[in-house]
Each structure stands twice: as C-alpha cells, then as structure tokens.
$ cat start02.txt   # compact mmCIF, C-alpha atoms and all ligand atoms
# COMPACT_ATOMS: atom_id res chain seq x y z
CA MET A 1130 -13.03 -135.85 46.88
CA LYS A 1131 -12.58 -132.15 47.54
CA ARG A 1132 -12.53 -131.52 43.78
CA LEU A 1133 -15.70 -133.53 43.33
CA ILE A 1134 -17.50 -131.56 46.07
CA TRP A 1135 -16.43 -128.26 44.52
CA GLY A 1136 -17.49 -129.56 41.12
CA VAL A 1137 -20.96 -130.40 42.46
CA ILE A 1138 -21.25 -127.02 44.21
CA SER A 1139 -20.24 -125.18 41.02
CA LEU A 1140 -22.80 -127.14 39.03
CA VAL A 1141 -25.56 -126.36 41.54
CA ILE A 1142 -24.68 -122.64 41.45
CA ALA A 1143 -24.70 -122.68 37.62
CA VAL A 1144 -28.10 -124.44 37.48
CA VAL A 1145 -29.61 -121.99 39.99
CA ALA A 1146 -28.16 -119.00 38.10
CA VAL A 1147 -29.54 -120.20 34.75
CA GLY A 1148 -32.87 -120.98 36.43
CA LEU A 1149 -33.11 -117.47 37.85
CA VAL A 1150 -32.35 -115.90 34.46
CA VAL A 1151 -35.01 -118.06 32.75
CA PHE A 1152 -37.52 -117.21 35.49
CA GLY A 1153 -36.69 -113.49 35.17
CA PHE A 1154 -37.24 -113.51 31.41
CA SER A 1155 -40.46 -115.51 31.64
CA LYS A 1156 -41.82 -113.00 34.21
CA GLN A 1157 -41.21 -110.23 31.65
CA GLN A 1158 -42.73 -112.22 28.79
CA TYR A 1159 -46.07 -111.04 27.53
CA HIS A 1160 -49.10 -113.22 28.21
CA ALA A 1161 -52.16 -111.70 26.54
CA PRO A 1162 -54.98 -112.13 29.08
CA ASP A 1163 -57.69 -112.27 26.42
CA GLY A 1164 -55.95 -114.33 23.72
CA THR A 1165 -56.72 -113.21 20.16
CA VAL A 1166 -59.48 -110.61 20.19
CA ALA A 1167 -61.73 -110.83 17.12
CA ALA A 1168 -63.30 -107.62 15.84
CA LYS A 1169 -67.07 -107.55 16.43
CA SER A 1170 -69.39 -107.55 13.43
CA VAL A 1171 -71.79 -104.61 13.33
CA GLY A 1172 -73.32 -105.31 9.90
CA MET A 1173 -72.53 -104.31 6.35
CA ILE A 1174 -71.30 -100.98 4.99
CA GLN A 1175 -71.00 -99.43 1.53
CA TYR A 1176 -67.55 -98.13 0.77
CA GLN A 1177 -66.31 -97.06 -2.66
CA GLY A 1178 -69.13 -98.88 -4.45
CA LYS A 1179 -68.53 -102.15 -2.62
CA THR A 1180 -70.53 -103.72 0.17
CA ARG A 1181 -68.20 -104.82 2.93
CA ASP A 1182 -68.37 -106.42 6.37
CA HIS A 1183 -68.21 -103.69 9.02
CA VAL A 1184 -66.37 -104.77 12.16
CA VAL A 1185 -65.29 -102.88 15.27
CA LEU A 1186 -62.11 -103.50 17.22
CA THR A 1187 -61.76 -101.98 20.69
CA PHE A 1188 -58.55 -101.72 22.70
CA GLY A 1189 -56.79 -99.39 25.10
CA THR A 1190 -53.33 -98.15 26.01
CA TYR A 1191 -52.55 -97.84 29.71
CA ALA A 1192 -49.86 -96.15 31.80
CA SER A 1193 -49.14 -99.24 33.89
CA ALA A 1194 -49.09 -102.80 32.60
CA GLN A 1195 -49.68 -104.00 36.15
CA GLY A 1196 -52.94 -102.21 36.71
CA LYS A 1197 -56.60 -102.49 35.96
CA TYR A 1198 -58.70 -100.80 33.35
CA GLY A 1199 -62.30 -99.73 33.51
CA THR A 1200 -65.21 -100.46 31.24
CA MET A 1201 -64.67 -99.00 27.81
CA LEU A 1202 -67.63 -97.29 26.26
CA SER A 1203 -68.86 -98.72 23.01
CA VAL A 1204 -69.53 -96.94 19.76
CA ASP A 1205 -71.49 -98.06 16.72
CA GLY A 1206 -73.38 -100.59 18.83
CA ALA A 1207 -70.26 -102.69 19.48
CA PRO A 1208 -70.28 -104.55 22.78
CA ASN A 1209 -68.37 -103.05 25.70
CA VAL A 1210 -65.00 -104.38 26.66
CA PRO A 1211 -65.33 -105.29 30.33
CA SER A 1212 -62.95 -104.10 33.02
CA GLY A 1213 -60.00 -106.28 33.88
CA GLU A 1214 -56.26 -106.59 34.28
CA VAL A 1215 -54.10 -104.79 31.73
CA HIS A 1216 -51.34 -107.37 31.70
CA PRO A 1217 -51.30 -109.72 34.69
CA GLY A 1218 -47.80 -109.85 36.16
CA GLY A 1219 -46.53 -107.19 33.76
CA ASN A 1220 -43.92 -104.61 34.62
CA PRO A 1221 -45.71 -101.84 36.60
CA GLN A 1222 -43.39 -99.20 35.14
CA TRP A 1223 -44.25 -100.10 31.57
CA PRO A 1224 -47.26 -99.04 29.51
CA ALA A 1225 -49.19 -101.65 27.57
CA TYR A 1226 -51.94 -102.26 25.07
CA SER A 1227 -54.86 -104.24 26.47
CA PRO A 1228 -56.91 -106.47 26.60
CA SER A 1229 -54.64 -108.21 24.11
CA ASN A 1230 -51.88 -107.69 21.60
CA GLN A 1231 -53.39 -110.14 19.13
CA PHE A 1232 -56.35 -109.09 17.04
CA SER A 1233 -58.20 -110.60 14.11
CA VAL A 1234 -60.31 -109.03 11.37
CA PRO A 1235 -61.89 -110.45 8.18
CA ALA A 1236 -60.03 -109.87 4.88
CA GLY A 1237 -61.35 -106.86 2.97
CA ALA A 1238 -63.55 -105.75 5.88
CA TYR A 1239 -64.22 -102.13 6.80
CA VAL A 1240 -62.60 -102.07 10.23
CA THR A 1241 -63.42 -99.34 12.73
CA VAL A 1242 -61.01 -99.12 15.64
CA VAL A 1243 -62.00 -97.58 18.97
CA TRP A 1244 -58.88 -96.82 21.00
CA HIS A 1245 -59.06 -95.65 24.60
CA GLN A 1246 -55.78 -93.91 25.41
CA TYR A 1247 -54.82 -93.35 29.07
CA ASP A 1248 -51.02 -93.00 28.98
CA SER A 1249 -48.63 -90.04 29.13
CA GLY A 1250 -46.13 -89.41 26.35
CA GLY A 1251 -43.98 -86.67 24.87
CA ALA A 1252 -42.31 -85.59 21.63
CA VAL A 1253 -42.09 -88.05 18.75
CA ASN A 1254 -38.73 -88.30 16.97
CA ASN A 1255 -40.28 -88.28 13.49
CA PRO A 1256 -43.35 -86.12 12.75
CA TYR A 1257 -44.45 -88.67 10.14
CA PHE A 1258 -45.76 -90.82 12.98
CA ALA A 1259 -47.82 -87.97 14.43
CA ARG A 1260 -50.10 -88.16 11.37
CA ALA A 1261 -52.66 -90.76 10.29
CA HIS A 1262 -51.65 -92.93 7.32
CA GLY A 1263 -53.68 -95.59 5.55
CA THR A 1264 -57.01 -94.78 7.20
CA VAL A 1265 -60.33 -94.15 5.46
CA GLY A 1266 -60.19 -90.48 4.40
CA GLY A 1267 -56.64 -90.18 5.76
CA THR A 1268 -58.14 -89.10 9.07
CA GLU A 1269 -58.85 -90.22 12.63
CA THR A 1270 -61.09 -88.75 15.31
CA VAL A 1271 -59.96 -87.60 18.74
CA ASN A 1272 -62.88 -87.32 21.19
CA GLY A 1273 -65.24 -87.05 18.24
CA LYS A 1274 -63.29 -84.39 16.31
CA THR A 1275 -61.94 -85.37 12.88
CA VAL A 1276 -58.21 -84.68 12.47
CA THR A 1277 -55.35 -85.77 10.21
CA GLY A 1278 -52.98 -86.28 13.14
CA VAL A 1279 -52.09 -85.19 16.65
CA ASP A 1280 -49.59 -82.75 18.22
CA GLY A 1281 -46.20 -84.45 17.74
CA ASN A 1282 -44.96 -82.88 20.98
CA ASN A 1283 -47.76 -84.40 23.06
CA MET A 1284 -48.39 -87.85 21.72
CA ALA A 1285 -48.59 -91.18 23.48
CA HIS A 1286 -48.48 -94.19 21.15
CA THR A 1287 -49.10 -95.24 17.58
CA PHE A 1288 -50.87 -98.26 16.16
CA THR A 1289 -48.72 -99.07 13.15
CA VAL A 1290 -49.42 -102.15 11.01
CA ARG A 1291 -47.22 -103.77 8.38
CA PRO A 1292 -47.75 -107.07 6.55
CA ALA A 1293 -45.44 -110.01 7.17
CA PRO A 1294 -43.22 -110.81 4.14
CA GLY A 1295 -45.29 -112.43 1.42
CA THR A 1296 -48.59 -110.82 2.51
CA ALA A 1297 -50.29 -107.77 0.87
CA SER A 1298 -47.07 -105.88 0.18
CA GLY A 1299 -48.62 -102.43 -0.29
CA PHE A 1300 -50.47 -102.38 3.03
CA PHE A 1301 -49.51 -99.78 5.62
CA LEU A 1302 -51.48 -98.27 8.48
CA SER A 1303 -50.23 -95.92 11.17
CA VAL A 1304 -52.35 -93.91 13.58
CA PRO A 1305 -51.16 -91.73 16.50
CA SER A 1306 -52.88 -91.03 19.81
CA PRO A 1307 -52.58 -87.92 22.00
CA VAL A 1308 -51.36 -87.98 25.62
CA SER A 1309 -53.86 -88.54 28.40
CA LYS A 1310 -55.67 -85.42 29.64
CA LEU A 1311 -53.69 -85.93 32.89
CA GLY A 1312 -50.30 -85.77 31.08
CA ASP A 1313 -47.49 -87.05 33.31
CA ASN A 1314 -50.05 -87.96 35.97
CA ALA A 1315 -51.73 -90.44 33.65
CA THR A 1316 -53.59 -93.32 35.28
CA ASN A 1317 -55.23 -96.39 33.80
CA THR A 1318 -58.76 -95.20 34.52
CA ALA A 1319 -58.86 -91.39 34.29
CA GLY A 1320 -58.08 -88.71 31.71
CA GLY A 1321 -58.75 -90.94 28.73
CA GLN A 1322 -58.81 -89.78 25.13
CA VAL A 1323 -60.88 -91.70 22.60
CA VAL A 1324 -59.33 -92.16 19.17
CA THR A 1325 -61.30 -93.76 16.35
CA PHE A 1326 -60.36 -94.52 12.77
CA SER A 1327 -61.33 -96.93 10.03
CA PHE A 1328 -59.32 -98.87 7.51
CA ILE A 1329 -59.90 -101.52 4.88
CA ALA A 1330 -58.34 -104.82 5.96
CA GLY A 1331 -55.86 -106.22 3.46
CA ALA A 1332 -55.63 -109.73 2.03
CA LYS A 1333 -55.61 -112.77 4.32
CA GLY A 1334 -52.40 -113.29 6.18
CA LEU A 1335 -50.31 -112.29 9.12
CA TYR A 1336 -49.60 -108.64 9.87
CA ALA A 1337 -47.42 -107.24 12.62
CA TRP A 1338 -48.28 -104.11 14.55
CA ASN A 1339 -46.14 -102.02 16.83
CA CYS A 1340 -45.95 -98.61 18.43
CA GLU A 1341 -43.68 -96.11 16.71
CA PHE A 1342 -43.66 -93.59 19.53
CA PRO A 1343 -40.42 -94.25 21.48
CA CYS A 1344 -42.16 -94.90 24.79
CA GLY A 1345 -39.34 -97.03 26.23
CA LEU A 1346 -35.90 -96.31 27.66
CA GLY A 1347 -32.33 -96.26 26.30
CA ILE A 1348 -31.41 -96.42 22.60
CA GLY A 1349 -33.54 -93.43 21.60
CA GLY A 1350 -36.48 -94.61 23.71
CA PHE A 1351 -36.75 -97.86 21.76
CA GLY A 1352 -35.39 -100.11 24.54
CA ALA A 1353 -37.18 -101.70 27.52
CA VAL A 1354 -40.94 -101.86 26.83
CA MET A 1355 -40.40 -101.11 23.13
CA SER A 1356 -38.08 -104.06 22.67
CA SER A 1357 -40.09 -106.54 24.76
CA TYR A 1358 -42.68 -108.37 22.71
CA GLY A 1359 -46.33 -107.84 23.59
CA TYR A 1360 -46.62 -104.55 25.44
CA MET A 1361 -46.16 -102.31 22.39
CA SER A 1362 -46.28 -104.90 19.61
CA GLY A 1363 -48.29 -107.85 18.41
CA TYR A 1364 -50.12 -109.39 15.51
CA LEU A 1365 -53.11 -108.59 13.38
CA HIS A 1366 -54.52 -111.79 11.90
CA VAL A 1367 -56.46 -111.11 8.70
CA VAL A 1368 -58.69 -114.14 8.18
CU CU A 1401 -45.90 -96.96 22.73

$ encode --input "start02.txt" --output "structure tokens"
Amino acid sequence: MKRLIWGVISLVIAVVAVGLVVFGFSKQQYHAPDGTVAAKSVGMIQYQGKTRDHVVLTFGTYASAQGKYGTMLSVDGAPNVPSGEVHPGGNPQWPAYSPSNQFSVPAGAYVTVVWHQYDSGGAVNNPYFARAHGTVGGTETVNGKTVTGVDGNNMAHTFTVRPAPGTASGFFLSVPSPVSKLGDNATNTAGGQVVTFSFIAGAKGLYAWNCEFPCGLGIGGFGAVMSSYGYMSGYLHVV
C-alpha cells in the first residue's frame, strides 16, 4: 500500500512538473496579435518598363514585447497602423516586431516597406548586415535620407528575407535599421527612426524573414529572443 501511495504521489509530481514546463513554453510562444498583415494597395507603378502593383507594408520594432505602440504615421497614402499591444503576454525584456510577424504581398509587386524603429542596439558582428541588399536601387531611407546602409556600430535590427526551399531560389533581401534616437533608453513610443525601402516581390510561395542583428543573449547574441520564433522571425507569404 505504501508503495502504491508513493507511486501515485510520484506520478502527480511528474504530471505537475510536465504541465508547468508546457505552460512555461506556451507563455513564451509567439501569438501574433494581428494575424497575417497584408500589404495595402496604393495603385500601380512603373518599374523597369513594367507596370506593377504598388503595395505598402508597415511594421515596427519595439524595445519591449510587453508594451504598447503608438499610431504609426503613414506614407504614400497608406492607412495608419493603429496603436495597440506589441505582443500580448510577451517577455517584457525582449524586443519584438509588431503588429505581426506574418506578412503577405502579391507576387511581382513593387513593395514599399515603412519600418518604425524604436529599439536600442549595438555593434553588428558582420558589416554585411549593416548594408541594404536586394532593395530597389540598393538603398533605403532613414528619416527621409537615402543611404546604402547604417552605422554598423549603432544598429538595431535587420529585416532579412530568404525563400523557403523550392521557392524563387535567387531571392534575397536584407535591410538594417539604426538604433532609436534614445539609444539605451529606448522606449516603444519615443525616439523612433523611420526606415523605408522598396523591393520587387518574388514568385508565389513561402519566404522566411528574420533579424540578423544579434539582439538576443548567449551564443553570440543569437539566443533568447533570437531563437524564439515570432519576436525576431516570421513569414512573408507571396500570393
Ligand atoms: Cu533583432
């Protein structure tokens, strides 16, 4: 009888322990508050002798996943992104992209991205990622000024896109953003930098994006937030 009681107690402890681990992981899991965000159509545009759909995608990067963001200003007539929660229930110590980590754009479209950057940062471990690659003209704009990259010692995040195996094999896009004007005192609603760039969407299919600035902890800065899906990674659906 004693053995049976101890057996039952051990089982209960094991079930509770596994339950707590599952609960802990699910709390950390990314739940995009806005689902898949589709780029907004702003008309047609001529590019390299071809008339293309022109769409605008707006997102932000924030110092704290567990905070709020303000209203983002629109450009090119695209609708504003309203204020809201960056990542409900997210880790307050971790930065995050918002309002989603899942975006969709039409195949072959001329995509203009408006990126509101509010986070701190530091020195990148490979200067390649401090420059714009795969954008129209090989450039980006920072607060309206056209540049080919940012200061690799003061950068925050990158938006780097690669196709999934079997999709548009030559496609590559990588764009850096500078640190918030408040540096280490970055907040989710002040000191923002506005980065814009355009690219031509590839063929239909699934593309993965991630940040290549090591904004996490451990293993060269690529642990923690960098190795948890959703905060610094996601999907670009080309439809
Ligand atoms: Cu990052």

$ atom_distance --input "start02.txt" --atom1 "atom CA of Phe1326 of chain A" --atom2 "atom CA of His1160 of chain A"
26.7 Å

$ closest_atom_pairs --input "start02.txt" --of "chain A" --to "ligand CU 1401 (chain A)" --cutoff "10 Å" --atoms "all atoms listed in the file" --output "JSON lines"
{"residue": "A:Thr1190", "atom": "CA", "partner": "A:CU1401", "partner_atom": "CU", "distance": 8.2}
{"residue": "A:Tyr1191", "atom": "CA", "partner": "A:CU1401", "partner_atom": "CU", "distance": 9.7}
{"residue": "A:Ala1192", "atom": "CA", "partner": "A:CU1401", "partner_atom": "CU", "distance": 9.9}
{"residue": "A:Trp1223", "atom": "CA", "partner": "A:CU1401", "partner_atom": "CU", "distance": 9.5}
{"residue": "A:Pro1224", "atom": "CA", "partner": "A:CU1401", "partner_atom": "CU", "distance": 7.2}
{"residue": "A:Ala1225", "atom": "CA", "partner": "A:CU1401", "partner_atom": "CU", "distance": 7.5}
{"residue": "A:Tyr1226", "atom": "CA", "partner": "A:CU1401", "partner_atom": "CU", "distance": 8.4}
{"residue": "A:Asp1248", "atom": "CA", "partner": "A:CU1401", "partner_atom": "CU", "distance": 9.0}
{"residue": "A:Ser1249", "atom": "CA", "partner": "A:CU1401", "partner_atom": "CU", "distance": 9.8}
{"residue": "A:Gly1250", "atom": "CA", "partner": "A:CU1401", "partner_atom": "CU", "distance": 8.4}
{"residue": "A:Met1284", "atom": "CA", "partner": "A:CU1401", "partner_atom": "CU", "distance": 9.5}
{"residue": "A:Ala1285", "atom": "CA", "partner": "A:CU1401", "partner_atom": "CU", "distance": 6.4}
{"residue": "A:His1286", "atom": "CA", "partner": "A:CU1401", "partner_atom": "CU", "distance": 4.1}
{"residue": "A:Thr1287", "atom": "CA", "partner": "A:CU1401", "partner_atom": "CU", "distance": 6.3}
{"residue": "A:Phe1288", "atom": "CA", "partner": "A:CU1401", "partner_atom": "CU", "distance": 8.3}
{"residue": "A:Pro1305", "atom": "CA", "partner": "A:CU1401", "partner_atom": "CU", "distance": 9.7}
{"residue": "A:Ser1306", "atom": "CA", "partner": "A:CU1401", "partner_atom": "CU", "distance": 9.6}
{"residue": "A:Asn1339", "atom": "CA", "partner": "A:CU1401", "partner_atom": "CU", "distance": 7.8}
{"residue": "A:Cys1340", "atom": "CA", "partner": "A:CU1401", "partner_atom": "CU", "distance": 4.6}
{"residue": "A:Glu1341", "atom": "CA", "partner": "A:CU1401", "partner_atom": "CU", "distance": 6.5}
{"residue": "A:Phe1342", "atom": "CA", "partner": "A:CU1401", "partner_atom": "CU", "distance": 5.2}
{"residue": "A:Pro1343", "atom": "CA", "partner": "A:CU1401", "partner_atom": "CU", "distance": 6.2}
{"residue": "A:Cys1344", "atom": "CA", "partner": "A:CU1401", "partner_atom": "CU", "distance": 4.7}
{"residue": "A:Gly1345", "atom": "CA", "partner": "A:CU1401", "partner_atom": "CU", "distance": 7.4}
{"residue": "A:Gly1350", "atom": "CA", "partner": "A:CU1401", "partner_atom": "CU", "distance": 9.8}
{"residue": "A:Phe1351", "atom": "CA", "partner": "A:CU1401", "partner_atom": "CU", "distance": 9.2}
{"residue": "A:Val1354", "atom": "CA", "partner": "A:CU1401", "partner_atom": "CU", "distance": 8.1}
{"residue": "A:Met1355", "atom": "CA", "partner": "A:CU1401", "partner_atom": "CU", "distance": 6.9}
{"residue": "A:Tyr1360", "atom": "CA", "partner": "A:CU1401", "partner_atom": "CU", "distance": 8.1}
{"residue": "A:Met1361", "atom": "CA", "partner": "A:CU1401", "partner_atom": "CU", "distance": 5.4}
{"residue": "A:Ser1362", "atom": "CA", "partner": "A:CU1401", "partner_atom": "CU", "distance": 8.5}

$ write_last_selection --input "start02.txt" --atoms "C-alpha atoms" --output "short mmCIF file (atom, residue, chain, number, x, y, z; two decimals), in the frame of the given file"
data_model
loop_
_atom_site.label_atom_id
_atom_site.label_comp_id
_atom_site.auth_asym_id
_atom_site.auth_seq_id
_atom_site.Cartn_x
_atom_site.Cartn_y
_atom_site.Cartn_z
CA THR A 1190 -53.33 -98.15 26.01
CA TYR A 1191 -52.55 -97.84 29.71
CA ALA A 1192 -49.86 -96.15 31.80
CA TRP A 1223 -44.25 -100.10 31.57
CA PRO A 1224 -47.26 -99.04 29.51
CA ALA A 1225 -49.19 -101.65 27.57
CA TYR A 1226 -51.94 -102.26 25.07
CA ASP A 1248 -51.02 -93.00 28.98
CA SER A 1249 -48.63 -90.04 29.13
CA GLY A 1250 -46.13 -89.41 26.35
CA MET A 1284 -48.39 -87.85 21.72
CA ALA A 1285 -48.59 -91.18 23.48
CA HIS A 1286 -48.48 -94.19 21.15
CA THR A 1287 -49.10 -95.24 17.58
CA PHE A 1288 -50.87 -98.26 16.16
CA PRO A 1305 -51.16 -91.73 16.50
CA SER A 1306 -52.88 -91.03 19.81
CA ASN A 1339 -46.14 -102.02 16.83
CA CYS A 1340 -45.95 -98.61 18.43
CA GLU A 1341 -43.68 -96.11 16.71
CA PHE A 1342 -43.66 -93.59 19.53
CA PRO A 1343 -40.42 -94.25 21.48
CA CYS A 1344 -42.16 -94.90 24.79
CA GLY A 1345 -39.34 -97.03 26.23
CA GLY A 1350 -36.48 -94.61 23.71
CA PHE A 1351 -36.75 -97.86 21.76
CA VAL A 1354 -40.94 -101.86 26.83
CA MET A 1355 -40.40 -101.11 23.13
CA TYR A 1360 -46.62 -104.55 25.44
CA MET A 1361 -46.16 -102.31 22.39
CA SER A 1362 -46.28 -104.90 19.61
#

$ atom_distance --input "start02.txt" --atom1 "atom CA of Gln1222 of chain A" --atom2 "atom CA of Pro1256 of chain A"
25.9 Å

$ atom_distance --input "start02.txt" --atom1 "atom CA of Gly1263 of chain A" --atom2 "atom CA of Ala1238 of chain A"
14.2 Å

$ residues_around --input "start02.txt" --residues "Ala1297 of chain A" --least-positions-apart "6" --cutoff "8 Å" --atoms "all atoms listed in the file" --output "list of chain:residue names"
A:Gly1331, A:Ala1332, A:Gly1334

$ closest_residue --input "start02.txt" --among "A:Gly1196, A:Tyr1239, A:Ser1303, A:Pro1294" --to "Lys1179 of chain A" --atoms "all atoms listed in the file"
A:Tyr1239
